[in-house]
Amino acid sequence: SMGNKASAPAPAVPAAAAPSSQQKVGVKSGKKICCCCPETKKARDECVVFKGEEHPDCQKLIEAHKECLRAEGFDVK
């Protein structure tokens, strides 16, 4: 029947169709999450290497990178 289609998720639907963390590319840049926000990613990575992830400076950079990714539409925690 037609009615039961909406209740069960269809496994045939590609992940790209879901607007959650399954998103494959940024809405602004059109790039994958690994390639979005290269400026904030580079700053974050360098800080973590030299100061460690727990350093307050790095925490700010990590958060800035997440904000950039969220602006691209990615669901990052």
# chains A, B, ... in the order shown; residues from 1 in each chain; ligands from 1
>>> residues_around(residues="segment 68-71 of chain A", least_positions_apart="5", cutoff="7 Å", atoms="only C-alpha atoms", output="list in words")
Cys36, Cys37 and Val76 of chain A
>>> write_last_selection(atoms="N, CA and C atoms", output="PDB file, in the first residue's frame")
ATOM      1  N   CYS A  36      36.371  21.982   3.556  1.00  0.00           N
ATOM      2  CA  CYS A  36      35.727  23.237   3.919  1.00  0.00           C
ATOM      3  C   CYS A  36      36.583  23.942   4.977  1.00  0.00           C
ATOM      4  N   CYS A  37      36.518  25.239   5.018  1.00  0.00           N
ATOM      5  CA  CYS A  37      37.141  26.018   6.089  1.00  0.00           C
ATOM      6  C   CYS A  37      38.641  25.729   6.248  1.00  0.00           C
ATOM      7  N   VAL A  76      27.997  19.532  13.249  1.00  0.00           N
ATOM      8  CA  VAL A  76      29.150  19.141  14.067  1.00  0.00           C
ATOM      9  C   VAL A  76      28.871  19.439  15.525  1.00  0.00           C
TER      10      VAL A  76
END
>>> residues_around(residues="Arg44 of chain A", least_positions_apart="4", cutoff="12 Å", atoms="only C-alpha atoms", output="VMD selection string")
chain A and resid 37 to 40 48 to 66
>>> write_last_selection(atoms="C-alpha atoms", output="JSON list (two decimals), in the first residue's frame")
[["chain", "number", "residue", "atom", "x", "y", "z"],
["A", 37, "CYS", "CA", 37.14, 26.02, 6.09],
["A", 38, "PRO", "CA", 40.86, 25.47, 5.28],
["A", 39, "GLU", "CA", 41.90, 28.61, 7.19],
["A", 40, "THR", "CA", 40.35, 27.61, 10.50],
["A", 48, "VAL", "CA", 47.03, 21.30, 18.51],
["A", 49, "VAL", "CA", 50.44, 20.13, 17.27],
["A", 50, "PHE", "CA", 52.37, 22.82, 19.17],
["A", 51, "LYS", "CA", 50.23, 23.43, 22.28],
["A", 52, "GLY", "CA", 47.92, 20.43, 22.61],
["A", 53, "GLU", "CA", 44.19, 20.12, 22.13],
["A", 54, "GLU", "CA", 43.36, 21.17, 25.71],
["A", 55, "HIS", "CA", 45.14, 24.54, 25.44],
["A", 56, "PRO", "CA", 42.69, 27.49, 25.70],
["A", 57, "ASP", "CA", 44.02, 29.01, 22.45],
["A", 58, "CYS", "CA", 43.37, 25.74, 20.64],
["A", 59, "GLN", "CA", 39.92, 25.35, 22.18],
["A", 60, "LYS", "CA", 39.01, 28.74, 20.64],
["A", 61, "LEU", "CA", 40.39, 27.69, 17.26],
["A", 62, "ILE", "CA", 38.60, 24.33, 17.42],
["A", 63, "GLU", "CA", 35.34, 26.12, 18.17],
["A", 64, "ALA", "CA", 35.96, 28.64, 15.37],
["A", 65, "HIS", "CA", 36.47, 25.77, 12.94],
["A", 66, "LYS", "CA", 33.26, 24.09, 14.11]]
>>> atom_distance(atom1="atom CA of Gly26 of chain A", atom2="atom CA of Phe74 of chain A")
6.8 Å
>>> atom_distance(atom1="atom CA of Gln23 of chain A", atom2="atom CA of Asp45 of chain A")
22.9 Å
>>> atom_distance(atom1="atom CA of Cys47 of chain A", atom2="atom CA of Val27 of chain A")
27.0 Å
